[in-house]
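Peer 1: Take this structure first; my questions come after.
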Amino acid sequence: MALKKFAFNVLKKDKFARCGLIETHRGNIQTPAFMPVGTQATVKACTIDDIKKTGSEIILSNTYHLMIRPGVERIKSAGGLHNFMNCDLPILTDSGGFQVMSLSKLNKIDREKGAIFNSHVDGKKFYLSPEESIRIQLGLNSDIVMIMDECPKKTNDYNLIKKSMDLSLYWAERSKVAFGSNPHKALFGIVQGGLFKDLRLKSLEELVKIGFDGYAIGGLAVGETQNEMFNVLDDIKEYLPMEKPHYLMGVGTPSDILGAVKRGIDMFDCVLPTRSGRTGLAFTWNGRVNIKNNKYQNDNTPLDPSYENFNLNKYSKNYLNHLFNTNEILASMLLTLHNINFYQELMSQIRKNINSGTFEDFHNKYIDKL
């Protein structure tokens with residue numbers, strides 16, 4: 001039986017905010033969607049079954065880290081990434097482009113060869129070209145593949161950002177050729193250009209000419225303020241192809257997500273809910289809770305009594321405080337699951353309010369609270 005083709009449809013709009021449906025042969029994804037991050041073929045401190053119970057419909061994994069450990073051939077021998085990690089959800093893999101920036105002490109950039117890495121694990125040299133990045137992602141059998149790009153650090157140097165954007169466009173063309181024809185998978189382009197409107201629009205214009213299944217906004221979440229990020233989205237929101245999904249990479253806080261949805265973004269990923277969960281920070285509808293704080297030692301109320309999707313309210317703040325202060329592994333597991341659940345409830349409420357035409361009121365109620 002032929003695999004279902006990748007497709008996206010906008011179902012409802014409230015100004016620029018929109019509800020949509022991504023269709024893949026592994027299942028559908030309601031948008032706006034948040035993708036828990038499974039960097040090394042696992043969402044840290046959570047099982048896939050629990051991730052699914054939160055309402056998560058897609059996860060993200062990392063090309064660079066899986067290339068180094070355990071290696072694409074080992075994953076291919078297990079039948080692909082889904083079989084390897086026992087995950088039947090759709091998986092998006094990033095290209096490794098972000099690591100070109102974040103691990104810059106360990107690599108150099110070559111226009112033709114791509115990123116030349118020394119592994120942060122054992123120092124082994126790797127060459128990550130656009131073609132190699134696509135080959136690895138197809139070998140992992142991911143459902144949404146990202147082009148290879150260069151993600152520069154935040155800078156006001158216009159010429160440096162333009163040079164990086166031009167390189168990313170060159171790599172985008174090569175990524176598209178390497179991807180070939182895979183109608184049951186998707187290839188997303190990545191808009192670069194820093195904080196400069198003309199560069200962002202030029203990048204988007206050239207990517208649209210090449211033609212992709214979705215368009216991501218990269219080069220943010222690298223130290224800019226929230227207002228700077230929103231300004232970039234305001235600059236390009238009217239020009240993003242309306243019939244394609246829009247993905248803001250590596251973002252972010254609940255208020256980041258609310259503001260980005262208002263500006264037409266459909267997809268998000270971020271390590272914040274899992275990383276915060278492992279360090280004792282919980283997200284709730286009443287704001288953030290640092291559960292390690294001594295004031296919770298005798299607080300027998302739940303973290304958030306308004307939770308609906310996943311019953312974590314059986315655990316009190318008092319108990320969670322005890323678990324963290326005694327370094328129990330269960331502490332990280334419970335708070336990580338709590339945070340992912342909160343993010344999915346946030347996305348569910350965002351979709352509900354877009355559908356009812358009340359998103360702006362919902363946005364205004366929570367933008368400064370979360």
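By order of appearance in the structure tokens: chains A, B, ..., then residues from 1 within every chain, and ligands from 1 in the order shown.
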Just the residues within 8 Å of Phe8 in chain A, please, counting only C-alpha atoms, with nothing from its chain fewer than 4 positions along; format it as a list in words.
Peer 2: Gly20, Leu21, Ile22, Glu23, Glu243, Lys244 and Pro245 of chain A
Peer 1: Grab the residues selected above and save them as a PDB file, in the first residue's frame with N, CA and C atoms.
Peer 2:
ATOM      1  N   GLY A  20      -4.288  24.542  11.916  1.00  0.00           N
ATOM      2  CA  GLY A  20      -4.118  23.743  10.717  1.00  0.00           C
ATOM      3  C   GLY A  20      -3.954  22.280  11.047  1.00  0.00           C
ATOM      4  N   LEU A  21      -3.741  21.492  10.003  1.00  0.00           N
ATOM      5  CA  LEU A  21      -3.538  20.051  10.167  1.00  0.00           C
ATOM      6  C   LEU A  21      -2.433  19.606   9.216  1.00  0.00           C
ATOM      7  N   ILE A  22      -1.365  19.056   9.797  1.00  0.00           N
ATOM      8  CA  ILE A  22      -0.318  18.412   9.019  1.00  0.00           C
ATOM      9  C   ILE A  22      -0.661  16.930   8.942  1.00  0.00           C
ATOM     10  N   GLU A  23      -0.690  16.390   7.734  1.00  0.00           N
ATOM     11  CA  GLU A  23      -0.973  14.969   7.535  1.00  0.00           C
ATOM     12  C   GLU A  23       0.313  14.245   7.129  1.00  0.00           C
ATOM     13  N   GLU A 243      -0.008  28.656   2.404  1.00  0.00           N
ATOM     14  CA  GLU A 243      -0.430  27.258   2.261  1.00  0.00           C
ATOM     15  C   GLU A 243       0.590  26.274   2.815  1.00  0.00           C
ATOM     16  N   LYS A 244       1.666  26.803   3.436  1.00  0.00           N
ATOM     17  CA  LYS A 244       2.724  25.952   3.984  1.00  0.00           C
ATOM     18  C   LYS A 244       2.837  26.148   5.496  1.00  0.00           C
ATOM     19  N   PRO A 245       3.274  25.134   6.231  1.00  0.00           N
ATOM     20  CA  PRO A 245       3.489  25.311   7.671  1.00  0.00           C
ATOM     21  C   PRO A 245       4.681  26.217   7.954  1.00  0.00           C
TER      22      PRO A 245
END
Peer 1: Fewer than 3 positions away in the same chain doesn't count, so skip those; otherwise give me all residues within 6 Å of Ser168 in chain A, counting only C-alpha atoms, as number ranges by chain.
Peer 2: A: 149-150, 165, 171-172
Peer 1: Give me the residues of range 103-176 of chain A that have any atom at most 12 Å from an atom of range 46-63 of chain A; for each, the nearest atom pair and the distance in Å, rounded to one decimal. Use only C-alpha atoms, sort by chain and number, and format it as CSV.
Peer 2:
residue,atom,partner,partner_atom,distance
A:Leu128,CA,A:Thr63,CA,9.9
A:Pro130,CA,A:Thr63,CA,11.9
A:Glu132,CA,A:Thr63,CA,10.3
A:Ser133,CA,A:Thr63,CA,7.3
A:Ile134,CA,A:Thr63,CA,9.3
A:Arg135,CA,A:Thr63,CA,10.3
A:Ile136,CA,A:Thr63,CA,7.1
A:Gln137,CA,A:Thr63,CA,6.6
A:Leu138,CA,A:Thr63,CA,10.4
A:Gly139,CA,A:Thr63,CA,10.4
A:Leu140,CA,A:Thr63,CA,8.6
A:Asn141,CA,A:Thr63,CA,11.4
A:Ser142,CA,A:Ser61,CA,8.8
A:Asp143,CA,A:Ile58,CA,9.7
A:Ile144,CA,A:Leu60,CA,9.2
A:Val145,CA,A:Thr63,CA,9.8
A:Met146,CA,A:Thr63,CA,9.6
A:Ile147,CA,A:Thr63,CA,11.2
A:Met148,CA,A:Thr63,CA,10.3
Peer 1: Could those selected residues go to a file with C-alpha atoms, as a JSON list (two decimals), in the first residue's frame?
Peer 2:
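Output below, filename selection11.json:
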[["chain", "number", "residue", "atom", "x", "y", "z"],
["A", 128, "LEU", "CA", 28.65, 17.53, 7.58],
["A", 130, "PRO", "CA", 24.25, 19.57, 2.95],
["A", 132, "GLU", "CA", 25.53, 14.34, 4.12],
["A", 133, "SER", "CA", 22.99, 15.98, 6.44],
["A", 134, "ILE", "CA", 20.14, 14.94, 4.11],
["A", 135, "ARG", "CA", 21.61, 11.43, 3.71],
["A", 136, "ILE", "CA", 21.74, 11.01, 7.48],
["A", 137, "GLN", "CA", 18.19, 12.30, 7.99],
["A", 138, "LEU", "CA", 16.84, 10.00, 5.27],
["A", 139, "GLY", "CA", 18.83, 7.16, 6.83],
["A", 140, "LEU", "CA", 17.18, 7.91, 10.16],
["A", 141, "ASN", "CA", 13.88, 7.73, 8.23],
["A", 142, "SER", "CA", 12.61, 10.97, 9.74],
["A", 143, "ASP", "CA", 9.29, 12.33, 8.50],
["A", 144, "ILE", "CA", 10.21, 16.02, 8.32],
["A", 145, "VAL", "CA", 13.74, 16.79, 7.14],
["A", 146, "MET", "CA", 15.45, 20.15, 7.58],
["A", 147, "ILE", "CA", 17.86, 21.67, 5.08],
["A", 148, "MET", "CA", 21.45, 22.24, 6.11]]
Peer 1: Out of range 108-154 of chain A, which residues get strand (DSSP E or B) from DSSP, as a CSV table (one decimal) with C-alpha atoms, in the first residue's frame?
Peer 2:
chain,number,residue,atom,x,y,z
A,108,LYS,CA,35.2,25.3,10.7
A,109,ILE,CA,32.9,26.2,7.8
A,110,ASP,CA,33.7,25.4,4.2
A,114,GLY,CA,30.1,22.1,4.8
A,115,ALA,CA,30.8,22.0,8.5
A,116,ILE,CA,34.0,20.2,9.5
A,117,PHE,CA,33.5,19.0,13.1
A,118,ASN,CA,35.7,17.5,15.7
A,125,LYS,CA,36.6,14.5,12.6
A,126,PHE,CA,33.3,14.7,10.8
A,127,TYR,CA,32.3,16.4,7.6
A,128,LEU,CA,28.7,17.5,7.6
A,144,ILE,CA,10.2,16.0,8.3
A,145,VAL,CA,13.7,16.8,7.1
A,146,MET,CA,15.4,20.2,7.6
Peer 1: Given the choices A:His363, A:Gln99, A:Ala260, A:Ile217, which gets closest to Leu201 in chain A if the distance is worked out from only C-alpha atoms?
Peer 2: A:Ile217
Peer 1: Which of these residues is nearest to Leu272 in chain A, using only C-alpha atoms: A:Ser129, A:Ser332, A:Asn339, A:Gln349?
Peer 2: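 With only C-alpha atoms as the atom set, the closest residue is A:Asn339.
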Peer 1: Find the residues around Tyr319 in chain A up to 10 Å (only C-alpha atoms counted), leave out those fewer than 5 positions away in its own chain, and share them as a ChimeraX atom specification.
Peer 2: /A:291,296-302,314,324-325,331
Peer 1: Between A:Glu345, A:Asp266, A:Asp234, A:Asp368, which residue has the minimum interatomic distance to Gln30 in chain A, considering only C-alpha atoms?
Peer 2: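 Nearest candidate to Gln30 in chain A out of A:Glu345, A:Asp266, A:Asp234, A:Asp368: A:Asp266.
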Peer 1: Find the residues around Thr253 in chain A up to 10 Å (only C-alpha atoms counted), leave out those fewer than 4 positions away in its own chain, and share them as a list in words.
Peer 2: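 Listed by chain and then number, they are Gln226, Ile257, Leu258, Gly259, Cys270, Val271, Leu272, Pro273, Phe283, Tyr343 and Leu370 of chain A.
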Peer 1: Please, could you write that set of residues out with C-alpha atoms as a short mmCIF file (atom, residue, chain, number, x, y, z; two decimals), in the first residue's frame?
Peer 2:
data_model
loop_
_atom_site.label_atom_id
_atom_site.label_comp_id
_atom_site.auth_asym_id
_atom_site.auth_seq_id
_atom_site.Cartn_x
_atom_site.Cartn_y
_atom_site.Cartn_z
CA GLN A 226 11.68 38.75 22.88
CA ILE A 257 4.87 30.83 21.79
CA LEU A 258 1.79 33.00 22.37
CA GLY A 259 3.41 35.97 20.63
CA CYS A 270 12.41 23.87 22.67
CA VAL A 271 14.38 22.07 25.39
CA LEU A 272 13.01 24.48 28.00
CA PRO A 273 10.20 22.29 29.44
CA PHE A 283 5.36 25.89 34.32
CA TYR A 343 3.02 22.98 27.01
CA LEU A 370 3.45 32.82 31.53
#
Peer 1: Find the residue from A:Asp235, A:Ile265, A:Arg288, A:Lys153 that sits nearest to Gly223 in chain A; use only C-alpha atoms when measuring.
Peer 2: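 That would be A:Lys153, the residue with the smallest distance to Gly223 in chain A.
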Peer 1: Just checking: using only C-alpha atoms, which residue out of A:Tyr64, A:Tyr215, A:Tyr307, A:Phe6 ends up closest to Ile190 in chain A?
Peer 2: A:Tyr215
Peer 1: Name the residues of range 143-363 of chain A that fall into alpha helix (DSSP H) according to DSSP on the backbone, using the chain letters and numbers of this document, as a ChimeraX atom specification.
Peer 2: /A:158-179,197-210,226-236,254-262,272-279,317-325,329-356,359-363
Peer 1: Write out as a PyMOL selection string which residues come within 12 Å of Leu169 in chain A when counting only C-alpha atoms, dropping same-chain ones fewer than 4 positions away.
Peer 2: chain A and resi 111+130+147-151+162-165+173-176+189-193+199-200+202-211
Peer 1: Those selected residues, please, written with C-alpha atoms and delivered as an mmCIF file, in the first residue's frame.
Peer 2:
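Output file selection-v7.cif is given in full below:
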data_model
loop_
_atom_site.group_PDB
_atom_site.id
_atom_site.type_symbol
_atom_site.label_atom_id
_atom_site.label_comp_id
_atom_site.auth_asym_id
_atom_site.auth_seq_id
_atom_site.Cartn_x
_atom_site.Cartn_y
_atom_site.Cartn_z
ATOM 1 C CA ARG A 111 31.384 26.486 1.443
ATOM 2 C CA PRO A 130 24.255 19.574 2.947
ATOM 3 C CA ILE A 147 17.859 21.672 5.077
ATOM 4 C CA MET A 148 21.452 22.242 6.106
ATOM 5 C CA ASP A 149 21.987 25.878 7.052
ATOM 6 C CA GLU A 150 24.426 28.021 8.966
ATOM 7 C CA CYS A 151 22.969 29.529 12.121
ATOM 8 C CA LYS A 162 24.507 38.507 4.725
ATOM 9 C CA LYS A 163 27.456 36.209 4.036
ATOM 10 C CA SER A 164 25.940 33.562 6.298
ATOM 11 C CA MET A 165 22.523 33.934 4.663
ATOM 12 C CA GLU A 173 19.678 24.402 -3.112
ATOM 13 C CA ARG A 174 22.045 21.498 -2.530
ATOM 14 C CA SER A 175 19.801 20.102 0.205
ATOM 15 C CA LYS A 176 16.806 20.158 -2.153
ATOM 16 C CA GLY A 189 13.641 25.458 4.158
ATOM 17 C CA ILE A 190 15.118 27.713 6.857
ATOM 18 C CA VAL A 191 14.866 31.509 6.649
ATOM 19 C CA GLN A 192 18.005 33.275 7.886
ATOM 20 C CA GLY A 193 19.012 36.937 7.975
ATOM 21 C CA LEU A 199 17.935 39.961 4.547
ATOM 22 C CA ARG A 200 15.053 37.977 6.031
ATOM 23 C CA LYS A 202 15.566 38.090 0.572
ATOM 24 C CA SER A 203 16.192 34.718 2.224
ATOM 25 C CA LEU A 204 12.485 33.886 2.196
ATOM 26 C CA GLU A 205 12.069 35.008 -1.426
ATOM 27 C CA GLU A 206 14.915 32.797 -2.621
ATOM 28 C CA LEU A 207 13.733 29.791 -0.587
ATOM 29 C CA VAL A 208 10.240 30.098 -2.073
ATOM 30 C CA LYS A 209 11.799 30.057 -5.547
ATOM 31 C CA ILE A 210 13.543 26.776 -4.690
ATOM 32 C CA GLY A 211 10.299 25.395 -3.249
#
Peer 1: Find the distance between CA of Leu66 in chain A and CA of Pro32 in chain A and write it in Å to one decimal.
Peer 2: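 These two atoms are separated by 27.0 Å.
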Peer 1: Compile the contact shell of Thr225 in chain A as number ranges by chain: residues with an atom at most 12 Å away, counting only C-alpha atoms, same-chain residues fewer than 4 positions apart removed.
Peer 2: A: 154, 195, 220-221, 229-232, 252, 256
Peer 1: Only C-alpha atoms, please: the residues just picked out, written as a PDB file, in the first residue's frame.
Peer 2:
ATOM      1  CA  LYS A 154      23.681  37.120  17.248  1.00  0.00           C
ATOM      2  CA  LEU A 195      17.585  40.915  12.781  1.00  0.00           C
ATOM      3  CA  LEU A 220      16.616  33.177  16.606  1.00  0.00           C
ATOM      4  CA  ALA A 221      16.753  31.996  20.229  1.00  0.00           C
ATOM      5  CA  MET A 229      12.283  38.133  17.886  1.00  0.00           C
ATOM      6  CA  PHE A 230       8.715  39.409  17.510  1.00  0.00           C
ATOM      7  CA  ASN A 231       9.966  42.214  15.252  1.00  0.00           C
ATOM      8  CA  VAL A 232      11.566  39.649  12.917  1.00  0.00           C
ATOM      9  CA  GLY A 252      10.623  28.949  23.509  1.00  0.00           C
ATOM     10  CA  ASP A 256       7.257  33.407  23.232  1.00  0.00           C
TER      11      ASP A 256
END
